[in-house]
file work-v2.cif (mmCIF, C-alpha atoms)
data_entry
loop_
_atom_site.label_atom_id
_atom_site.label_comp_id
_atom_site.auth_asym_id
_atom_site.auth_seq_id
_atom_site.Cartn_x
_atom_site.Cartn_y
_atom_site.Cartn_z
CA MET A 491 -55.41 -35.82 2.37
CA GLY A 492 -55.99 -37.29 -1.07
CA THR A 493 -53.72 -37.24 -4.09
CA ASP A 494 -54.08 -35.53 -7.44
CA GLU A 495 -53.10 -36.86 -10.85
CA LEU A 496 -49.63 -35.33 -10.73
CA LEU A 497 -48.84 -37.01 -7.41
CA LEU A 498 -50.41 -40.27 -8.46
CA GLU A 499 -48.32 -40.42 -11.63
CA ALA A 500 -45.10 -39.67 -9.74
CA ALA A 501 -45.94 -42.10 -6.94
CA GLN A 502 -46.67 -44.91 -9.39
CA LYS A 503 -43.54 -44.39 -11.47
CA LEU A 504 -41.31 -44.02 -8.40
CA GLY A 505 -42.86 -46.87 -6.44
CA LEU A 506 -44.18 -44.60 -3.69
CA THR A 507 -47.91 -45.37 -3.72
CA GLN A 508 -47.74 -47.54 -0.60
CA HIS A 509 -45.64 -44.93 1.16
CA LEU A 510 -48.22 -42.21 0.58
CA LEU A 511 -50.83 -44.55 2.08
CA GLU A 512 -48.57 -45.15 5.08
CA LEU A 513 -48.24 -41.41 5.58
CA GLU A 514 -52.01 -41.05 5.71
CA LEU A 515 -52.45 -43.99 8.07
CA ASN A 516 -49.46 -43.73 10.41
CA GLY A 517 -48.17 -40.20 9.91
CA PHE A 518 -44.73 -41.42 8.80
CA THR A 519 -43.12 -43.72 6.25
CA VAL A 520 -39.69 -45.14 5.41
CA VAL A 521 -38.60 -45.38 1.77
CA PRO A 522 -35.83 -47.97 1.16
CA PRO A 523 -32.53 -46.94 -0.48
CA GLU A 524 -33.20 -48.70 -3.78
CA LYS A 525 -36.12 -46.33 -4.38
CA VAL A 526 -34.27 -43.19 -3.23
CA ALA A 527 -31.06 -42.83 -5.21
CA SER A 528 -27.96 -44.65 -6.45
CA PRO A 529 -25.50 -46.01 -3.86
CA GLU A 530 -22.88 -43.65 -5.28
CA PHE A 531 -25.10 -40.63 -4.65
CA ILE A 532 -25.94 -41.71 -1.09
CA ALA A 533 -22.23 -42.23 -0.32
CA ALA A 534 -21.37 -38.81 -1.74
CA LEU A 535 -24.20 -37.17 0.21
CA ARG A 536 -22.99 -38.79 3.43
CA ASP A 537 -19.44 -37.59 2.76
CA ALA A 538 -20.70 -34.05 2.11
CA VAL A 539 -22.55 -33.98 5.46
CA LEU A 540 -19.47 -35.28 7.28
CA GLU A 541 -17.19 -32.79 5.53
CA THR A 542 -19.55 -29.93 6.42
CA HIS A 543 -19.56 -31.13 10.03
CA ARG A 544 -15.74 -31.30 10.09
CA ARG A 545 -15.39 -27.85 8.58
CA ARG A 546 -17.88 -26.20 10.90
CA THR A 547 -16.47 -27.93 13.96
CA ASP A 548 -12.90 -26.99 13.08
CA THR A 549 -13.72 -23.34 12.46
CA GLY A 550 -16.09 -22.99 15.40
CA THR A 551 -18.99 -22.02 13.10
CA TYR A 552 -22.28 -22.76 14.87
CA ALA A 553 -20.28 -24.64 17.53
CA GLU A 554 -22.36 -23.37 20.45
CA ARG A 555 -25.65 -24.19 18.73
CA MET A 556 -24.42 -27.67 17.85
CA GLN A 557 -23.49 -28.31 21.49
CA GLN A 558 -26.92 -27.17 22.68
CA ALA A 559 -28.64 -29.47 20.18
CA ALA A 560 -26.49 -32.42 21.23
CA ALA A 561 -27.40 -31.85 24.88
CA HIS A 562 -31.08 -32.32 23.98
CA GLY A 563 -30.58 -35.57 22.08
CA LEU A 564 -30.49 -34.08 18.58
CA GLY A 565 -26.80 -34.61 17.96
CA ASP A 566 -24.60 -31.95 16.36
CA LEU A 567 -27.17 -30.01 14.33
CA MET A 568 -25.83 -27.96 11.44
CA PRO A 569 -28.30 -25.36 10.16
CA LYS A 570 -28.53 -23.96 6.64
CA ILE A 571 -26.17 -26.33 4.85
CA LEU A 572 -27.94 -26.13 1.47
CA TRP A 573 -25.20 -23.97 -0.03
CA ASP A 574 -22.25 -25.87 1.49
CA ASP A 575 -22.14 -28.34 -1.40
CA PRO A 576 -24.06 -28.53 -4.72
CA ILE A 577 -25.01 -32.13 -3.93
CA PHE A 578 -27.46 -30.80 -1.33
CA GLU A 579 -29.36 -29.02 -4.10
CA THR A 580 -29.68 -32.33 -5.92
CA ALA A 581 -30.91 -34.01 -2.74
CA LEU A 582 -33.57 -31.33 -2.34
CA MET A 583 -34.81 -31.77 -5.91
CA ASN A 584 -34.77 -35.59 -5.85
CA PRO A 585 -38.23 -36.49 -7.25
CA VAL A 586 -38.73 -39.00 -4.43
CA ALA A 587 -38.18 -36.30 -1.80
CA GLN A 588 -40.31 -33.85 -3.76
CA THR A 589 -43.18 -36.33 -4.14
CA LEU A 590 -43.25 -37.00 -0.40
CA ALA A 591 -43.02 -33.33 0.55
CA ARG A 592 -45.60 -32.19 -1.97
CA ALA A 593 -48.01 -34.94 -0.93
CA MET A 594 -47.83 -33.71 2.67
CA ALA A 595 -47.47 -29.92 2.35
CA GLY A 596 -48.73 -29.09 -1.13
CA HIS A 597 -47.16 -28.76 -4.57
CA THR A 598 -45.91 -25.25 -3.83
CA CYS A 599 -44.39 -25.98 -0.40
CA ARG A 600 -41.18 -24.19 0.55
CA ILE A 601 -38.05 -25.44 2.27
CA SER A 602 -38.08 -23.94 5.76
CA VAL A 603 -35.08 -25.69 7.36
CA PHE A 604 -32.23 -27.56 5.68
CA GLU A 605 -29.88 -29.14 8.22
CA GLY A 606 -27.32 -31.87 8.70
CA ALA A 607 -26.99 -33.87 11.90
CA VAL A 608 -24.23 -36.05 13.31
CA LYS A 609 -25.24 -37.90 16.48
CA ALA A 610 -22.56 -39.55 18.59
CA LYS A 611 -22.85 -42.18 21.32
CA GLY A 612 -24.59 -40.80 24.41
CA ASP A 613 -27.27 -41.38 27.00
CA THR A 614 -29.60 -38.50 26.10
CA ASP A 615 -32.86 -39.27 24.33
CA LEU A 616 -34.95 -36.80 22.34
CA THR A 617 -38.32 -36.34 24.03
CA PHE A 618 -41.53 -36.67 22.05
CA HIS A 619 -42.81 -33.60 20.24
CA ALA A 620 -44.46 -32.47 17.01
CA ASP A 621 -42.60 -30.17 14.61
CA THR A 622 -45.66 -28.00 14.00
CA ALA A 623 -45.75 -24.93 16.23
CA MET A 624 -49.19 -23.42 15.76
CA THR A 625 -52.36 -22.78 17.72
CA GLU A 626 -53.98 -26.04 18.81
CA PRO A 627 -55.83 -27.90 17.54
CA TYR A 628 -53.79 -27.78 14.37
CA PRO A 629 -55.51 -27.24 11.02
CA ILE A 630 -56.83 -30.47 9.52
CA VAL A 631 -54.79 -29.76 6.40
CA PRO A 632 -51.11 -30.41 7.28
CA GLN A 633 -48.97 -27.29 7.33
CA HIS A 634 -45.48 -28.76 7.69
CA CYS A 635 -43.57 -31.94 6.96
CA ASN A 636 -40.13 -33.45 7.34
CA VAL A 637 -38.20 -35.43 4.73
CA THR A 638 -34.96 -36.83 6.13
CA TYR A 639 -32.16 -38.75 4.45
CA ALA A 640 -30.87 -41.48 6.79
CA LEU A 641 -27.19 -41.59 5.79
CA SER A 642 -26.21 -44.30 8.25
CA ASP A 643 -28.04 -47.40 9.45
CA TYR A 644 -30.95 -46.70 11.81
CA SER A 645 -32.03 -48.90 14.72
CA ARG A 646 -32.92 -48.32 18.37
CA GLU A 647 -29.36 -48.85 19.59
CA TYR A 648 -28.06 -46.57 16.82
CA GLY A 649 -30.15 -43.65 18.09
CA SER A 650 -33.15 -44.14 15.84
CA THR A 651 -36.04 -41.77 15.28
CA MET A 652 -39.16 -43.00 17.10
CA PHE A 653 -42.76 -42.31 16.06
CA VAL A 654 -46.19 -42.66 17.62
CA PRO A 655 -48.32 -44.14 14.80
CA GLY A 656 -51.44 -42.13 14.04
CA SER A 657 -50.49 -39.27 16.34
CA HIS A 658 -50.74 -36.79 13.46
CA LYS A 659 -54.51 -37.09 13.71
CA MET A 660 -54.59 -35.70 17.26
CA LEU A 661 -53.60 -32.25 15.94
CA ARG A 662 -51.71 -31.25 19.06
CA GLN A 663 -48.39 -31.48 20.87
CA PRO A 664 -47.86 -34.30 23.38
CA VAL A 665 -48.23 -33.12 26.99
CA LYS A 666 -47.04 -34.20 30.44
CA GLY A 667 -46.22 -37.91 30.54
CA GLU A 668 -46.69 -38.25 26.78
CA VAL A 669 -43.50 -36.27 26.25
CA ALA A 670 -41.56 -38.90 28.20
CA GLN A 671 -43.13 -41.83 26.31
CA LYS A 672 -45.69 -42.67 29.00
CA LEU A 673 -48.33 -43.27 26.39
CA SER A 674 -50.42 -46.28 27.32
CA SER A 675 -51.77 -47.99 30.42
CA ARG A 676 -54.61 -50.38 31.17
CA ASP A 677 -55.66 -48.00 33.90
CA ARG A 678 -56.29 -45.08 31.54
CA PRO A 679 -60.01 -44.50 30.89
CA GLU A 680 -59.60 -44.32 27.12
CA SER A 681 -58.29 -47.91 27.10
CA LEU A 682 -61.82 -49.08 27.92
CA PHE A 683 -62.95 -47.74 24.56
CA GLY A 684 -59.96 -48.85 22.51
CA THR A 685 -58.73 -45.30 22.03
CA GLY A 686 -55.41 -45.51 23.83
CA ILE A 687 -52.34 -43.98 22.21
CA PRO A 688 -50.23 -46.59 20.37
CA GLU A 689 -46.78 -47.52 21.62
CA PRO A 690 -43.93 -45.72 19.85
CA VAL A 691 -42.12 -47.43 16.98
CA ALA A 692 -38.36 -47.15 16.43
CA VAL A 693 -37.35 -46.84 12.79
CA GLU A 694 -35.03 -49.57 11.55
CA CYS A 695 -33.67 -49.00 8.07
CA PRO A 696 -30.41 -49.14 6.13
CA ALA A 697 -28.33 -46.14 5.16
CA GLY A 698 -29.73 -44.38 2.11
CA SER A 699 -33.35 -44.58 3.18
CA ILE A 700 -35.66 -41.57 3.38
CA ILE A 701 -37.80 -41.11 6.49
CA ALA A 702 -40.78 -38.79 5.98
CA TRP A 703 -43.43 -37.57 8.39
CA TYR A 704 -46.06 -34.90 8.92
CA GLY A 705 -45.24 -31.91 11.07
CA ALA A 706 -48.00 -32.99 13.44
CA THR A 707 -46.64 -36.52 13.97
CA TRP A 708 -45.25 -37.16 17.44
CA HIS A 709 -41.64 -38.28 17.33
CA GLY A 710 -38.45 -38.39 19.34
CA ALA A 711 -35.26 -40.44 19.28
CA SER A 712 -33.59 -43.11 21.34
CA PRO A 713 -30.07 -42.48 22.66
CA ARG A 714 -27.22 -44.01 20.67
CA THR A 715 -25.72 -46.77 22.80
CA VAL A 716 -23.01 -48.03 20.42
CA ASP A 717 -19.84 -46.45 19.11
CA GLY A 718 -19.91 -44.45 15.90
CA HIS A 719 -22.27 -41.77 14.59
CA ARG A 720 -25.79 -41.49 13.24
CA ILE A 721 -25.68 -39.28 10.16
CA SER A 722 -28.70 -37.62 8.59
CA MET A 723 -29.82 -34.68 6.49
CA LEU A 724 -33.11 -33.02 7.40
CA MET A 725 -35.41 -31.08 5.10
CA TYR A 726 -38.35 -29.37 6.79
CA PHE A 727 -41.04 -27.96 4.49
CA CYS A 728 -43.93 -25.56 5.04
CA ARG A 729 -46.91 -24.55 2.91
CA TRP A 730 -46.40 -21.66 0.49
CA TYR A 731 -48.28 -19.09 2.58
CA LEU A 732 -46.22 -19.68 5.73
CA LYS A 733 -42.96 -17.87 6.39
CA PRO A 734 -39.96 -20.22 6.15
CA GLN A 735 -37.65 -20.22 9.16
CA THR A 736 -34.65 -19.62 6.91
CA LYS A 737 -34.25 -17.15 4.06
CA MET A 738 -32.42 -19.58 1.81
CA TRP A 739 -32.35 -17.27 -1.18
CA LEU A 740 -30.34 -14.57 0.63
CA ASP A 741 -27.07 -16.52 0.39
CA MET A 742 -27.74 -18.35 -2.85
CA PRO A 743 -24.51 -18.86 -4.82
CA GLU A 744 -24.15 -17.85 -8.44
CA GLY A 745 -25.44 -20.45 -10.86
CA ALA A 746 -27.78 -22.23 -8.44
CA LEU A 747 -30.93 -21.24 -10.32
CA GLU A 748 -29.44 -22.07 -13.71
CA ARG A 749 -28.37 -25.61 -12.74
CA ASN A 750 -31.74 -26.54 -11.27
CA SER A 751 -35.33 -26.84 -12.48
CA PRO A 752 -37.81 -23.93 -12.07
CA ARG A 753 -39.31 -25.69 -9.04
CA PHE A 754 -36.01 -25.10 -7.20
CA ALA A 755 -36.47 -21.30 -7.19
CA GLN A 756 -39.97 -21.76 -5.84
CA CYS A 757 -38.83 -24.27 -3.22
CA ILE A 758 -36.25 -21.89 -1.72
CA ASP A 759 -38.87 -19.10 -1.69
CA TYR A 760 -36.87 -17.08 -4.20
CA TYR A 761 -39.94 -15.37 -5.66
CA ASN A 762 -41.11 -14.04 -2.31
CA GLY A 763 -37.71 -12.43 -1.87
CA TRP A 764 -37.50 -10.94 -5.34
CA GLU A 765 -37.81 -7.34 -4.22
CA ILE A 766 -34.68 -7.70 -2.09
CA LYS A 767 -32.63 -10.17 -4.08
CA GLU A 768 -33.45 -8.94 -7.57
CA PRO A 769 -34.94 -5.40 -7.59
CA SER A 770 -35.16 -5.47 -11.38
CA ILE A 771 -37.31 -8.60 -11.64
CA ASP A 772 -40.79 -8.19 -13.11
CA PRO A 773 -43.32 -8.35 -10.22
CA ALA A 774 -45.53 -10.59 -12.37
CA ASN A 775 -42.81 -13.24 -12.24
CA ALA A 776 -43.11 -13.34 -8.48
CA MET A 777 -46.58 -14.82 -8.90
CA ALA A 778 -44.90 -17.86 -10.44
CA GLY A 779 -44.17 -18.78 -6.86
CA ARG A 780 -47.60 -20.43 -6.82
CA THR A 781 -47.17 -22.34 -10.07
CA VAL A 782 -47.48 -26.15 -9.89
CA PHE A 783 -44.36 -27.52 -11.55
CA PRO A 784 -43.80 -31.10 -12.78
CA ILE A 785 -42.18 -33.67 -10.50
CA LEU A 786 -40.70 -36.18 -12.95
CA ASP A 787 -38.75 -33.61 -14.98
CA VAL A 788 -35.82 -34.19 -12.60
CA PRO A 789 -34.08 -37.62 -12.78
CA LEU A 790 -33.29 -39.77 -9.77
CA PRO A 791 -29.76 -38.97 -8.57
#
call {"tool": "encode", "arguments": {"input": "work-v2.cif", "output": "structure tokens"}}
result
Amino acid sequence: MGTDELLLEAAQKLGLTQHLLELELNGFTVVPPEKVASPEFIAALRDAVLETHRRRTDTGTYAERMQQAAAHGLGDLMPKILWDDPIFETALMNPVAQTLARAMAGHTCRISVFEGAVKAKGDTDLTFHADTAMTEPYPIVPQHCNVTYALSDYSREYGSTMFVPGSHKMLRQPVKGEVAQKLSSRDRPESLFGTGIPEPVAVECPAGSIIAWYGATWHGASPRTVDGHRISMLMYFCRWYLKPQTKMWLDMPEGALERNSPRFAQCIDYYNGWEIKEPSIDPANAMAGRTVFPILDVPLP
């Protein structure tokens, strides 16, 4: 969709220029751990996701929803974990994550879903779909995007995310056989013209990588066939004028705004909730929700 000077500067300094090009071409990209954060931060983030999973499983919180998600190949999905540990706030504001999200969904995009996932060994795959749920064809300008921390090694046998390269340009959900990965055949008419849908690609990357993709990119996941767990943390963003799926600011703990940059308040849609959260706030300040904040003012974790 093109990049502005702010994105170009951040991409160059963070080593993300090629990844932004991959997003445009393929609809997804994988950023290696050495560009994402320190090994210590990745280890701590992984531990925080696992501790949140243990706590919610032990107390029964969201247990039914986690079981439903696991039955569909998603693993144990834990919604709204942003406030479970301050390290999640740091992960959200990581300039690498912010550069990717803002390149796909705009500088003023909001966090719509913030979840952790722990996927155990099983024989259920996740069928192909696009995360965007809008009237088709989708708008040419992307409306949503996903930035996910892979906190364990990813490969096909580990239950990897799978993508259909270039599918974000079709601006629609997969249908019929496409959902079940029946994507290409020499007998399909479009093959005569070289317009067949590419075969899906399974992501292979080490723990600590970031996987990013447009909301319109077709993706699914292979079943995990080996012992252990696939651990990830998902951040789903939407453009500023769309309603986030989660009202993050409603449960914001004391001190969260003070320990983060001004972009954080915008990212959790705090300004759009000012009349409920802070009745005394000046309405003019709410307009700051559309301000374009710097990216590189926050250090790599």
call {"tool": "closest_residue", "arguments": {"input": "work-v2.cif", "among": "A:Glu579, A:Asp621, A:Glu605, A:Glu626", "to": "A:Ser751", "atoms": "only C-alpha atoms"}}
result
A:Glu579
call {"tool": "closest_atom_pairs", "arguments": {"input": "work-v2.cif", "of": "stretch 568-602 of chain A", "to": "stretch 638-658 of chain A", "cutoff": "12 Å", "atoms": "only C-alpha atoms", "output": "tab-separated table"}}
result
residue	atom	partner	partner_atom	distance
A:Phe578	CA	A:Tyr639	CA	10.9
A:Ala581	CA	A:Tyr639	CA	8.7
A:Leu582	CA	A:Tyr639	CA	10.2
A:Asn584	CA	A:Tyr639	CA	11.1
A:Val586	CA	A:Tyr639	CA	11.0
A:Ala587	CA	A:Thr638	CA	8.6
A:Gln588	CA	A:Thr638	CA	11.6
A:Leu590	CA	A:Thr638	CA	10.6
A:Ala591	CA	A:Thr638	CA	10.4
A:Met594	CA	A:His658	CA	11.6
call {"tool": "residues_around", "arguments": {"input": "work-v2.cif", "residues": "A:Leu504", "least_positions_apart": "4", "cutoff": "10 Å", "atoms": "only C-alpha atoms", "output": "list in words"}}
result
Leu498, Glu499, Ala500, Lys525, Val526, Pro585, Val586, Thr589, Leu786 and Leu790 of chain A
call {"tool": "resolve_selection", "arguments": {"input": "work-v2.cif", "expression": "the PyMOL selection byres ((chain A and resi 494) around 12)", "output": "PyMOL selection string"}}
result
chain A and resi 491-493+495-501+510+589+592-593+596-597+782
call {"tool": "resolve_selection", "arguments": {"input": "work-v2.cif", "expression": "the PyMOL selection byres ((chain A and resi 717-720) around 6)", "output": "PyMOL selection string"}}
result
chain A and resi 608-611+642+716+721
call {"tool": "atom_distance", "arguments": {"input": "work-v2.cif", "atom1": "atom CA of A:Ser699", "atom2": "atom CA of A:Met723"}}
result
11.0 Å
call {"tool": "atom_distance", "arguments": {"input": "work-v2.cif", "atom1": "atom CA of A:Glu530", "atom2": "atom CA of A:Gly698"}}
result
10.1 Å
